[in-house]
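J.: Quick one: this structure, given as structure tokens, is what I'll be asking you about.
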Amino acid sequence: MPSAPTASADPAAALVARFRLGKGLAQLADEAARSTTTFASMVEQSGAPAAKQRVQAEISRLLPAYQARWDGTLAAIYARHFSADALRSLASQGTRSPHAARFKALQNTVAAEMRADAQPLLRQLVADALTRASQPR
């Protein structure tokens, strides 16, 4: 498997990293996990507080293994919508970039593409977390 480009070599990755644009992964995974029948079974067996704590702990434990791929998917989406120069400008200038208005205008589009492109990764993180959290202690 090829290694991920460094943030300095990949302006989209630099943008995602600088502004932590992929930071919502843990919350999305937690919300997705809580909507499963596996989580409902855990609640029945050990109560909601214990089930929530165990699932959140496993998501936190697994997050580093998934975050880089999540961020890479997000960077690839931004790279489809912006030139390398525009991405560098956004990463270095933020809201002062001449591309900031377009960046903001494309957020719903990027979010929709992320839901589609990253769904398998989110599903796998949730499945792994639930498997680990539901094992007897």
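So you can find residues: chains in the structure tokens are A, B, ... in the order shown, residues in each start at 1, and ligands are numbered from 1 in order.
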Could you pull the residues within 9 Å of range 90-99 of chain A, counting only C-alpha atoms, minus those fewer than 5 positions along the same chain, as a list in words?
T.: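 Result of the neighbour search: Pro11, Ala12, Ala14, Leu15, Val16, Ala17, Arg18, Phe19, Phe82, Asp85 and Lys104 of chain A.
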J.: Using only C-alpha atoms, which residues sit within 12 Å of Pro136 in chain A once same-chain residues fewer than 2 positions away are excluded, as a list of chain:residue names?
T.: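 After dropping sequence-adjacent residues, the list is A:Met42, A:Gln45, A:Ser46, A:Ala51, A:Arg54, A:Leu130, A:Thr131, A:Arg132, A:Ala133, A:Ser134.
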J.: Can you write just those residues out, N, CA, C and O atoms, as a PDB file, in the first residue's frame?
T.:
ATOM      1  N   MET A  42     -26.263  -4.127  24.262  1.00  0.00           N
ATOM      2  CA  MET A  42     -25.328  -3.783  25.331  1.00  0.00           C
ATOM      3  C   MET A  42     -26.035  -2.993  26.428  1.00  0.00           C
ATOM      4  O   MET A  42     -25.777  -3.196  27.616  1.00  0.00           O
ATOM      5  N   GLN A  45     -28.017  -5.304  28.567  1.00  0.00           N
ATOM      6  CA  GLN A  45     -27.177  -6.145  29.424  1.00  0.00           C
ATOM      7  C   GLN A  45     -26.509  -5.379  30.559  1.00  0.00           C
ATOM      8  O   GLN A  45     -26.411  -5.888  31.678  1.00  0.00           O
ATOM      9  N   SER A  46     -26.029  -4.172  30.259  1.00  0.00           N
ATOM     10  CA  SER A  46     -25.220  -3.494  31.279  1.00  0.00           C
ATOM     11  C   SER A  46     -25.689  -2.086  31.627  1.00  0.00           C
ATOM     12  O   SER A  46     -25.061  -1.427  32.446  1.00  0.00           O
ATOM     13  N   ALA A  51     -22.698   1.019  28.738  1.00  0.00           N
ATOM     14  CA  ALA A  51     -22.584   0.760  27.299  1.00  0.00           C
ATOM     15  C   ALA A  51     -21.961   1.959  26.586  1.00  0.00           C
ATOM     16  O   ALA A  51     -21.058   1.796  25.758  1.00  0.00           O
ATOM     17  N   ARG A  54     -18.199   2.174  27.431  1.00  0.00           N
ATOM     18  CA  ARG A  54     -17.393   1.143  26.764  1.00  0.00           C
ATOM     19  C   ARG A  54     -17.236   1.429  25.275  1.00  0.00           C
ATOM     20  O   ARG A  54     -16.146   1.298  24.717  1.00  0.00           O
ATOM     21  N   LEU A 130     -17.747  -1.703  18.339  1.00  0.00           N
ATOM     22  CA  LEU A 130     -18.826  -2.466  18.957  1.00  0.00           C
ATOM     23  C   LEU A 130     -18.389  -3.896  19.277  1.00  0.00           C
ATOM     24  O   LEU A 130     -18.751  -4.429  20.327  1.00  0.00           O
ATOM     25  N   THR A 131     -17.618  -4.487  18.378  1.00  0.00           N
ATOM     26  CA  THR A 131     -17.117  -5.853  18.639  1.00  0.00           C
ATOM     27  C   THR A 131     -16.273  -5.871  19.906  1.00  0.00           C
ATOM     28  O   THR A 131     -16.464  -6.716  20.789  1.00  0.00           O
ATOM     29  N   ARG A 132     -15.371  -4.918  20.008  1.00  0.00           N
ATOM     30  CA  ARG A 132     -14.506  -4.868  21.195  1.00  0.00           C
ATOM     31  C   ARG A 132     -15.286  -4.516  22.459  1.00  0.00           C
ATOM     32  O   ARG A 132     -15.043  -5.072  23.512  1.00  0.00           O
ATOM     33  N   ALA A 133     -16.209  -3.565  22.334  1.00  0.00           N
ATOM     34  CA  ALA A 133     -16.960  -3.125  23.505  1.00  0.00           C
ATOM     35  C   ALA A 133     -17.939  -4.178  24.014  1.00  0.00           C
ATOM     36  O   ALA A 133     -18.253  -4.208  25.206  1.00  0.00           O
ATOM     37  N   SER A 134     -18.406  -5.035  23.125  1.00  0.00           N
ATOM     38  CA  SER A 134     -19.407  -6.021  23.538  1.00  0.00           C
ATOM     39  C   SER A 134     -18.788  -7.329  24.039  1.00  0.00           C
ATOM     40  O   SER A 134     -19.512  -8.204  24.510  1.00  0.00           O
TER      41      SER A 134
END
J.: Report, in Å to a single decimal, how far apart CA of Ala84 in chain A and CA of Gln107 in chain A are.
T.: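 Going from CA of Gln107 in chain A over to CA of Ala84 in chain A, I get 17.9 Å.
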J.: Taking the chain letters and numbering used in this document, name the residues of chain A that DSSP puts in alpha helix (DSSP H), as a VMD selection string.
T.: chain A and resid 11 to 18 25 to 34 37 to 46 48 to 81 84 to 93 100 to 105 107 to 134
J.: I'd like the interatomic distance between CA of Ala33 in chain A and CA of Gly72 in chain A, to a tenth of an Å.
T.: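 Here the two named atoms are 22.4 Å from each other.
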J.: Please determine, counting only C-alpha atoms, which residue among A:Val55, A:Ala86, A:Leu62, A:Met114 has the shortest atom-to-atom distance to Phe39 in chain A.
T.: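 Distance minimum relative to Phe39 in chain A lands on A:Val55.
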J.: Pick out the residues sitting within 12 Å of Gln119 in chain A, and hand them over as a PyMOL selection string; count only C-alpha atoms, and ignore anything fewer than 4 positions along from it in its own chain.
T.: chain A and resi 25+28-29+32+69-70+73-74+111-115+123-126
J.: What gap, in Å, lies between CA of Ala127 in chain A and CA of Glu31 in chain A?
T.: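 Rounded to one decimal, the two atoms are 12.6 Å apart.
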